[in-house]
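Asker: Got a file for you: entry00.cif, mmCIF, C-alpha atoms and all ligand atoms.
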data_upload
loop_
_atom_site.label_atom_id
_atom_site.label_comp_id
_atom_site.auth_asym_id
_atom_site.auth_seq_id
_atom_site.Cartn_x
_atom_site.Cartn_y
_atom_site.Cartn_z
CA VAL A 118 -17.53 -19.80 -3.63
CA THR A 119 -17.47 -21.93 -0.50
CA GLN A 120 -13.81 -21.11 0.08
CA VAL A 121 -14.31 -17.38 -0.25
CA GLN A 122 -17.21 -17.65 2.14
CA SER A 123 -15.30 -19.59 4.77
CA SER A 124 -12.27 -17.30 4.74
CA GLY A 125 -14.73 -14.42 4.99
CA ARG A 126 -16.21 -16.13 8.00
CA ALA A 127 -12.81 -16.48 9.67
CA ALA A 128 -12.29 -12.75 9.23
CA LEU A 129 -15.68 -12.06 10.74
CA ARG A 130 -14.78 -13.93 13.89
CA ARG A 131 -12.07 -11.38 14.68
CA SER A 132 -13.25 -8.33 16.54
CA LEU A 133 -13.88 -5.19 14.52
CA ARG A 134 -12.70 -1.75 15.53
CA THR A 135 -15.38 0.35 17.19
CA ALA A 136 -15.35 2.83 14.31
CA ASP A 137 -15.82 0.00 11.82
CA VAL A 138 -18.77 -1.38 13.77
CA GLY A 139 -20.31 2.11 13.71
CA ARG A 140 -19.82 2.44 9.97
CA LEU A 141 -21.17 -1.02 9.31
CA VAL A 142 -24.32 -0.27 11.30
CA ASP A 143 -24.71 3.11 9.55
CA ASP A 144 -24.41 1.45 6.15
CA ALA A 145 -26.83 -1.31 7.08
CA CYS A 146 -29.36 1.26 8.28
CA THR A 147 -29.36 2.89 4.85
CA GLY A 148 -30.40 -0.53 3.57
CA GLU A 149 -27.08 -1.28 1.88
CA ALA A 150 -27.35 -4.99 1.12
CA ARG A 151 -23.72 -5.95 1.72
CA ALA A 152 -23.65 -4.27 5.12
CA VAL A 153 -26.95 -5.91 6.09
CA SER A 154 -25.58 -9.26 5.01
CA ARG A 155 -22.38 -8.75 7.00
CA LEU A 156 -24.31 -7.80 10.13
CA LEU A 157 -26.44 -10.91 9.76
CA SER A 158 -23.30 -13.05 9.53
CA LEU A 159 -22.00 -11.47 12.72
CA VAL A 160 -25.31 -12.21 14.43
CA GLU A 161 -25.33 -15.77 13.14
CA ASP A 162 -21.77 -16.43 14.28
CA GLY A 163 -22.32 -14.81 17.66
CA THR A 164 -19.16 -12.73 17.34
CA PRO A 165 -17.76 -10.67 20.23
CA ASP A 166 -18.92 -7.44 18.52
CA LEU A 167 -22.58 -8.28 19.01
CA PRO A 168 -23.08 -6.24 22.21
CA LYS A 169 -21.71 -3.14 20.43
CA ILE A 170 -23.84 -3.75 17.37
CA MET A 171 -27.01 -4.35 19.31
CA ALA A 172 -26.44 -1.23 21.43
CA LEU A 173 -26.16 0.83 18.23
CA LEU A 174 -29.26 -0.77 16.74
CA THR A 175 -31.37 0.04 19.79
CA ALA A 176 -31.57 3.67 18.70
CA ARG A 177 -32.85 2.54 15.28
CA PRO A 178 -35.67 0.11 15.84
CA GLY A 179 -37.22 0.50 12.40
CA HIS A 180 -40.83 -0.44 11.81
CA ALA A 181 -40.77 -3.83 10.07
CA HIS A 182 -43.85 -5.98 10.29
CA VAL A 183 -42.60 -9.55 10.68
CA VAL A 184 -44.67 -12.16 8.88
CA GLY A 185 -43.86 -15.77 9.75
CA LEU A 186 -44.58 -18.56 7.27
CA THR A 187 -44.76 -22.05 8.59
CA GLY A 188 -46.18 -25.42 7.60
CA SER A 189 -45.21 -28.92 6.57
CA PRO A 190 -42.39 -29.56 4.09
CA GLY A 191 -43.53 -29.04 0.52
CA VAL A 192 -46.69 -27.14 1.43
CA GLY A 193 -45.43 -24.16 -0.58
CA LYS A 194 -43.80 -21.81 1.92
CA SER A 195 -40.98 -20.70 -0.36
CA THR A 196 -43.21 -20.31 -3.42
CA SER A 197 -45.69 -18.37 -1.31
CA ALA A 198 -42.94 -16.17 0.13
CA SER A 199 -41.84 -15.29 -3.38
CA ASN A 200 -45.44 -14.39 -4.28
CA LEU A 201 -45.80 -12.29 -1.15
CA VAL A 202 -42.60 -10.46 -2.05
CA ALA A 203 -44.11 -9.61 -5.43
CA ALA A 204 -47.39 -8.48 -3.82
CA CYS A 205 -45.54 -6.26 -1.34
CA ARG A 206 -43.32 -4.79 -4.07
CA SER A 207 -46.33 -3.87 -6.17
CA ARG A 208 -47.44 -1.78 -3.18
CA GLY A 209 -43.99 -0.17 -2.98
CA LEU A 210 -43.04 -1.94 0.24
CA ARG A 211 -39.43 -2.96 0.86
CA VAL A 212 -39.18 -6.63 1.85
CA GLY A 213 -36.61 -8.72 3.68
CA VAL A 214 -36.82 -12.50 3.56
CA LEU A 215 -35.20 -14.59 6.26
CA ALA A 216 -35.32 -18.35 5.67
CA VAL A 217 -34.26 -20.23 8.77
CA ASP A 218 -33.78 -23.89 9.42
CA PRO A 219 -33.90 -24.39 13.17
CA SER A 220 -33.50 -28.15 13.05
CA SER A 221 -30.78 -29.21 10.67
CA PRO A 222 -27.16 -28.05 10.55
CA LEU A 223 -27.22 -27.61 6.81
CA SER A 224 -30.06 -27.65 4.35
CA GLY A 225 -28.16 -26.64 1.28
CA GLY A 226 -30.64 -28.31 -1.05
CA ALA A 227 -33.75 -26.54 0.20
CA LEU A 228 -31.98 -23.22 0.42
CA LEU A 229 -30.60 -23.56 -3.09
CA GLY A 230 -34.11 -24.26 -4.35
CA ASP A 231 -35.31 -21.13 -2.57
CA ARG A 232 -32.64 -19.07 -4.26
CA ILE A 233 -33.85 -20.22 -7.64
CA ARG A 234 -37.44 -19.42 -6.70
CA MET A 235 -36.42 -15.97 -5.51
CA GLN A 236 -34.42 -15.28 -8.65
CA GLU A 237 -37.05 -12.99 -10.13
CA HIS A 238 -36.34 -10.63 -7.22
CA THR A 239 -32.54 -10.70 -7.22
CA ASP A 240 -32.12 -7.51 -9.25
CA ASP A 241 -34.55 -5.61 -7.07
CA ASP A 242 -32.99 -3.24 -4.50
CA GLY A 243 -36.20 -3.32 -2.50
CA VAL A 244 -35.78 -7.03 -1.74
CA PHE A 245 -33.23 -8.66 0.52
CA MET A 246 -33.04 -12.41 0.92
CA ARG A 247 -31.03 -14.40 3.39
CA SER A 248 -30.90 -18.02 4.59
CA MET A 249 -29.64 -19.14 7.96
CA ALA A 250 -28.90 -22.73 8.90
CA SER A 251 -27.92 -23.78 12.36
CA ARG A 252 -24.31 -24.79 11.53
CA GLY A 253 -24.46 -27.60 14.05
CA HIS A 254 -25.06 -25.39 17.09
CA LEU A 255 -28.11 -26.78 18.77
CA GLY A 256 -30.69 -24.06 18.97
CA GLY A 257 -28.26 -21.79 17.14
CA VAL A 258 -30.66 -20.35 14.62
CA SER A 259 -33.49 -19.96 17.05
CA ARG A 260 -31.10 -18.00 19.23
CA ALA A 261 -29.95 -15.74 16.44
CA THR A 262 -33.37 -15.11 14.90
CA PRO A 263 -34.64 -12.30 17.18
CA GLN A 264 -31.42 -10.38 16.61
CA ALA A 265 -31.47 -11.00 12.88
CA LEU A 266 -35.00 -9.56 12.83
CA ARG A 267 -33.70 -6.50 14.65
CA VAL A 268 -31.04 -6.02 11.96
CA LEU A 269 -33.59 -6.25 9.14
CA SER A 270 -35.96 -3.84 10.86
CA ALA A 271 -33.16 -1.33 11.42
CA ALA A 272 -32.26 -1.69 7.76
CA GLY A 273 -35.61 -0.12 6.97
CA PHE A 274 -37.56 -3.02 5.55
CA ASP A 275 -41.32 -2.51 5.80
CA VAL A 276 -42.05 -6.21 5.84
CA VAL A 277 -39.86 -9.12 6.86
CA LEU A 278 -40.93 -12.60 5.80
CA LEU A 279 -39.64 -15.21 8.21
CA GLU A 280 -39.77 -18.60 6.55
CA THR A 281 -39.02 -21.69 8.57
CA VAL A 282 -37.68 -24.84 6.97
CA GLY A 283 -38.12 -28.15 8.73
CA VAL A 284 -40.73 -29.18 11.27
CA GLY A 285 -40.99 -29.51 15.00
CA GLN A 286 -41.20 -27.48 18.15
CA SER A 287 -38.34 -25.16 17.26
CA GLU A 288 -40.22 -24.23 14.10
CA VAL A 289 -43.23 -23.29 16.19
CA ALA A 290 -40.94 -21.23 18.43
CA VAL A 291 -39.46 -19.38 15.47
CA ALA A 292 -42.92 -18.71 14.07
CA GLY A 293 -43.83 -17.33 17.48
CA LEU A 294 -41.34 -14.52 16.90
CA ALA A 295 -43.45 -13.05 14.12
CA ASP A 296 -46.01 -10.26 14.41
CA THR A 297 -48.30 -12.18 12.08
CA THR A 298 -47.91 -15.92 11.67
CA LEU A 299 -49.21 -17.61 8.55
CA VAL A 300 -49.78 -21.33 8.85
CA LEU A 301 -49.86 -22.96 5.42
CA LEU A 302 -51.81 -26.09 4.65
CA ALA A 303 -52.45 -27.85 1.38
CA PRO A 304 -54.74 -30.60 0.16
CA GLY A 305 -53.35 -34.11 -0.02
CA LEU A 306 -50.81 -33.83 2.77
CA GLY A 307 -53.09 -34.96 5.59
CA ASP A 308 -52.19 -31.57 6.90
CA GLY A 309 -54.95 -30.77 9.33
CA ILE A 310 -53.88 -33.51 11.67
CA GLN A 311 -50.18 -32.82 11.22
CA ALA A 312 -50.65 -29.17 12.02
CA ALA A 313 -52.64 -29.94 15.13
CA LYS A 314 -49.92 -32.30 16.29
CA ALA A 315 -47.10 -29.85 15.82
CA GLY A 316 -48.95 -27.18 17.77
CA LEU A 317 -49.19 -25.11 14.61
CA LEU A 318 -52.89 -24.41 14.95
CA GLU A 319 -52.29 -22.36 18.06
CA VAL A 320 -49.72 -20.05 16.51
CA ALA A 321 -51.78 -19.28 13.38
CA ASP A 322 -52.97 -15.71 12.92
CA VAL A 323 -53.96 -16.43 9.34
CA PHE A 324 -54.47 -19.82 7.72
CA VAL A 325 -53.35 -20.14 4.14
CA VAL A 326 -54.76 -23.06 2.21
CA ASN A 327 -52.27 -23.26 -0.64
CA LYS A 328 -52.46 -25.37 -3.81
CA ALA A 329 -56.05 -24.23 -4.25
CA ASP A 330 -55.75 -25.47 -7.84
CA ARG A 331 -55.69 -29.03 -6.52
CA PRO A 332 -58.76 -31.06 -5.63
CA GLY A 333 -59.52 -31.13 -1.93
CA ALA A 334 -58.67 -27.50 -1.13
CA ASP A 335 -62.24 -26.68 -0.15
CA GLN A 336 -62.32 -29.77 2.02
CA VAL A 337 -59.24 -28.50 3.90
CA VAL A 338 -60.97 -25.13 4.37
CA ARG A 339 -64.06 -26.88 5.78
CA GLU A 340 -61.98 -29.02 8.16
CA LEU A 341 -60.14 -25.93 9.36
CA ARG A 342 -63.39 -24.05 9.96
CA ASN A 343 -64.67 -26.96 12.03
CA MET A 344 -61.45 -27.16 14.02
CA LEU A 345 -61.49 -23.43 14.67
CA ALA A 346 -65.12 -23.53 15.78
CA MET A 347 -64.38 -26.33 18.22
CA ASP A 348 -61.32 -24.68 19.76
CA PRO A 349 -62.41 -23.12 23.06
CA ALA A 350 -59.28 -20.93 23.29
CA ARG A 351 -60.07 -19.39 19.90
CA ARG A 352 -63.67 -18.60 20.81
CA GLU A 353 -62.48 -16.25 23.53
CA ARG A 354 -60.18 -14.32 21.24
CA VAL A 355 -61.18 -11.07 19.54
CA TRP A 356 -59.22 -11.97 16.40
CA ARG A 357 -61.18 -14.24 14.08
CA THR A 358 -58.50 -16.24 12.27
CA PRO A 359 -59.10 -15.80 8.54
CA ILE A 360 -58.64 -18.64 6.08
CA VAL A 361 -57.25 -17.52 2.72
CA LYS A 362 -56.98 -19.77 -0.32
CA THR A 363 -53.94 -19.32 -2.56
CA ASN A 364 -52.50 -20.85 -5.66
CA ALA A 365 -48.82 -20.09 -5.51
CA VAL A 366 -48.08 -21.42 -8.99
CA ASP A 367 -50.62 -19.13 -10.70
CA HIS A 368 -50.11 -16.26 -8.22
CA GLU A 369 -53.72 -16.25 -7.04
CA GLY A 370 -55.01 -15.04 -3.70
CA TYR A 371 -52.14 -12.77 -2.68
CA GLY A 372 -54.16 -9.55 -2.70
CA GLU A 373 -56.55 -11.14 -0.25
CA LEU A 374 -53.67 -12.53 1.81
CA LEU A 375 -52.00 -9.11 2.10
CA GLU A 376 -55.35 -7.65 3.16
CA ALA A 377 -55.66 -10.28 5.89
CA ILE A 378 -52.12 -9.47 7.08
CA ASP A 379 -53.00 -5.75 7.06
CA ARG A 380 -56.12 -6.35 9.11
CA HIS A 381 -54.13 -8.40 11.59
CA SER A 382 -51.54 -5.66 11.84
CA GLY A 383 -54.36 -3.19 12.62
CA HIS A 384 -55.68 -5.59 15.24
CA LEU A 385 -52.22 -5.79 16.86
CA ARG A 386 -52.05 -2.01 17.12
CA ALA A 387 -55.62 -1.53 18.32
CA THR A 388 -55.59 -4.16 21.05
CA GLY A 389 -52.11 -3.92 22.52
CA GLU A 390 -51.40 -7.45 21.30
CA GLY A 391 -48.59 -6.04 19.16
CA GLU A 392 -46.88 -4.73 22.27
CA ARG A 393 -47.29 -8.10 23.97
CA ARG A 394 -45.64 -9.79 20.99
CA ARG A 395 -42.76 -7.35 21.03
CA ILE A 396 -42.25 -8.20 24.69
CA ARG A 397 -42.36 -11.90 23.88
CA ARG A 398 -39.73 -11.38 21.20
CA ALA A 399 -37.56 -9.44 23.65
CA GLU A 400 -37.95 -12.27 26.15
CA ALA A 401 -36.75 -14.78 23.55
CA GLU A 402 -33.83 -12.50 22.75
CA LEU A 403 -32.87 -12.08 26.41
CA ASP A 404 -33.31 -15.77 27.04
CA ALA A 405 -30.93 -16.54 24.18
CA ILE A 406 -28.28 -14.10 25.33
CA VAL A 407 -28.41 -15.21 28.96
CA THR A 408 -28.39 -18.90 27.99
CA SER A 409 -25.36 -18.45 25.75
CA ALA A 410 -23.49 -16.51 28.41
CA VAL A 411 -24.25 -19.13 31.07
CA ASP A 412 -23.29 -21.95 28.68
CA ARG A 413 -19.95 -20.30 27.98
CA ARG A 414 -19.20 -19.72 31.68
CA LEU A 415 -20.27 -23.24 32.52
CA ALA A 416 -17.91 -24.66 29.91
CA ARG A 417 -15.06 -22.63 31.40
CA LEU A 418 -15.99 -23.70 34.90
CA ARG A 419 -16.08 -27.40 33.97
CA ALA A 420 -12.65 -27.18 32.44
CA GLY A 421 -11.17 -25.31 35.39
CA GLU A 422 -9.18 -26.35 38.48
CA ASP A 423 -11.92 -25.28 40.85
CA PHE A 424 -14.23 -27.87 39.44
CA SER A 425 -11.79 -30.79 39.81
CA ARG A 426 -10.82 -29.60 43.28
CA HIS A 427 -14.46 -29.66 44.38
CA ALA A 428 -14.95 -33.03 42.74
CA SER A 429 -12.02 -34.48 44.71
CA ALA A 430 -13.43 -33.03 47.92
CA VAL A 431 -16.77 -34.71 47.24
CA ALA A 432 -15.11 -38.00 46.26
CA THR A 433 -13.01 -38.14 49.42
CA GLY A 434 -15.96 -37.28 51.62
CA ASN A 435 -14.57 -33.90 52.69
CA CYS A 436 -17.60 -32.07 51.34
CA ASP A 437 -21.11 -33.01 50.27
CA ALA A 438 -22.06 -32.56 46.62
CA TYR A 439 -24.73 -29.94 47.26
CA SER A 440 -22.43 -27.65 49.22
CA ALA A 441 -19.77 -28.01 46.56
CA ALA A 442 -22.30 -27.28 43.83
CA GLU A 443 -23.49 -24.17 45.71
CA ARG A 444 -19.96 -22.83 45.81
CA LEU A 445 -19.42 -23.54 42.13
CA LEU A 446 -22.70 -21.82 41.26
CA ASP A 447 -21.64 -18.76 43.24
CA SER A 448 -18.42 -18.52 41.27
CA LEU A 449 -20.32 -19.09 38.01
CA LEU A 450 -22.61 -16.11 38.49
CA ARG A 451 -20.11 -13.77 40.06
N1 LIG B 1 -50.07 -27.14 -7.86
C1 LIG B 1 -49.45 -26.34 -7.01
N2 LIG B 1 -48.18 -26.58 -6.66
C2 LIG B 1 -47.59 -25.75 -5.79
C3 LIG B 1 -48.27 -24.62 -5.24
N3 LIG B 1 -47.42 -23.99 -4.39
C4 LIG B 1 -46.27 -24.67 -4.41
N4 LIG B 1 -46.35 -25.73 -5.24
C5 LIG B 1 -45.29 -26.71 -5.55
O1 LIG B 1 -45.02 -27.47 -4.38
C6 LIG B 1 -43.63 -27.78 -4.28
C7 LIG B 1 -43.07 -27.33 -2.95
O2 LIG B 1 -43.12 -25.92 -2.87
P1 LIG B 1 -42.14 -25.11 -1.90
O3 LIG B 1 -42.50 -23.67 -2.04
O4 LIG B 1 -40.74 -25.49 -2.13
O5 LIG B 1 -42.58 -25.66 -0.50
P2 LIG B 1 -41.90 -25.40 0.92
O6 LIG B 1 -43.00 -25.40 1.91
O7 LIG B 1 -41.04 -24.19 0.88
O8 LIG B 1 -41.02 -26.67 1.09
P3 LIG B 1 -39.81 -26.93 2.15
O9 LIG B 1 -38.95 -25.69 2.14
O10 LIG B 1 -39.13 -28.13 1.63
O11 LIG B 1 -40.46 -27.16 3.48
C8 LIG B 1 -42.98 -27.10 -5.48
O12 LIG B 1 -42.82 -28.04 -6.48
C9 LIG B 1 -43.97 -26.04 -5.87
O13 LIG B 1 -43.92 -25.71 -7.24
C10 LIG B 1 -49.63 -24.39 -5.63
O14 LIG B 1 -50.30 -23.45 -5.21
N5 LIG B 1 -50.16 -25.27 -6.51
MG MG B 2 -38.95 -23.89 1.39
#
What would you get if you wrote out this structure as structure tokens?
Ligand SMILES: Nc1nc2c(ncn2[C@@H]2O[C@H](COP(=O)(O)OP(=O)(O)OP(=O)(O)O)[C@@H](O)[C@H]2O)c(=O)[nH]1
Ligand SMILES: [Mg+2]
Answerer:
Amino acid sequence: VTQVQSSGRAALRRSLRTADVGRLVDDACTGEARAVSRLLSLVEDGTPDLPKIMALLTARPGHAHVVGLTGSPGVGKSTSASNLVAACRSRGLRVGVLAVDPSSPLSGGALLGDRIRMQEHTDDDGVFMRSMASRGHLGGVSRATPQALRVLSAAGFDVVLLETVGVGQSEVAVAGLADTTLVLLAPGLGDGIQAAKAGLLEVADVFVVNKADRPGADQVVRELRNMLAMDPARRERVWRTPIVKTNAVDHEGYGELLEAIDRHSGHLRATGEGERRRIRRAEAELDAIVTSAVDRRLARLRAGEDFSRHASAVATGNCDAYSAAERLLDSLLR
């Protein structure tokens, strides 16, 4: 399987004909899983066809509501995502699931586990599941995520679940791309403090206290309530962050969780906050594209003759470093 995948990847790196790009986008927009998957690979690999693809997708924004799931390892993100998929499907909603690992180049184990958990949905045309790891490019997945979300929205999914694997700032950043961010906590993980440390409390639109079947769940809810009450930034907000208890193993609490997500979605529309988040996502997307372009040009510049010529001039005292740098910067941005 790995071999087939990697030769497929090599093929993807070659440019496609314009007509083929058009057909691929058309197929993906009908929700055809293979076309969606192919587009996501192109996004992930940052292939030269991306500008064409993104231009075509602009006319088809879709209407997906992006729900981010984040929280410490083992808190139950994947199990909860699977439950949310089921809850959405019972309402007739089409769901895309994007599991991203912003921190590690490969997390084959976790992703394999997720596949097994998602197995009950594999025969369902209304569900699309995809994992992205960073393949060793620093910041690679975070860069690709806004565009991957665009693809899934264009493909007509009503809801996209964005699950982050791994912890840290990049995870918070990825969660920040969602319309509604769920922060999961569970008893017994010392989670309240961990979440506060990782900056997760700030990004939460809904708190999910999972593993409600375990002792200590109500204690976590109480701690959260206290923390929320003491947070001055929260007091000024219109949105009162709900706390929903779930038991992912016995599928309990998901009706209530979907209701909370619905209410938040209504809040986003009513207050203009939704628009602000779309702008924030566009900023992240632009930032990623500009950064990649500058990185590429900088790499070319460093390897070029101009650079060594300027370095010699500085070394021999014919030019000061700042003037030389100015000239190089001019040529970089031209
Ligand atoms: N008792 C109990 N166990 C749960 C519950 N939810 C998840 N688990 C178990 O907790 C373990 C971790 O669940 P995952 O869904 O893989 O957690 P995760 O947050 O996706 O983990 P990572 O992807 O490694 O960060 C699994 O063994 C689950 O079966 C729950 O509500 N109650
Ligand atoms: Mg997981």
Asker: Can you work out which one of A:Gly305, A:Pro178, A:Pro332, A:Gly316 has the shortest atom-to-atom distance to A:Leu266, counting only C-alpha atoms?
Answerer: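 Result for the nearest residue to A:Leu266: A:Pro178.
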Asker: Excluding A:Val160 and any residue of its chain fewer than 4 positions from it, enumerate the residues within 8 Å of it, using only C-alpha atoms, and give them as number ranges by chain.
Answerer: A: 156, 164, 167, 261, 264-265
Asker: Give me the residues near stretch 294-302 of chain A as a PyMOL selection string, where near means some atom within 8 Å (using all atoms listed in the file) and where sequence neighbours in that chain fewer than 3 positions away do not count.
Answerer: chain A and resi 182-189+192-194+263+279+290-291+308-309+317-318+320-327+337+378+381-382+391+394-395+397-398
Asker: Identify which of the residues A:Ser158, A:Ala203, A:Ile170, A:His180 lies closest to A:Gly372, counting all atoms listed in the file when measuring atom-to-atom distances.
Answerer: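 Between A:Ser158, A:Ala203, A:Ile170, A:His180, the residue approaching A:Gly372 most closely is A:Ala203.
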Asker: Under the rule that only C-alpha atoms and all ligand atoms are counted, which of A:Ile360, A:Leu374, A:Ala303, A:Ala410 is the nearest residue to ligand LIG 1 (chain B)?
Answerer: A:Ala303
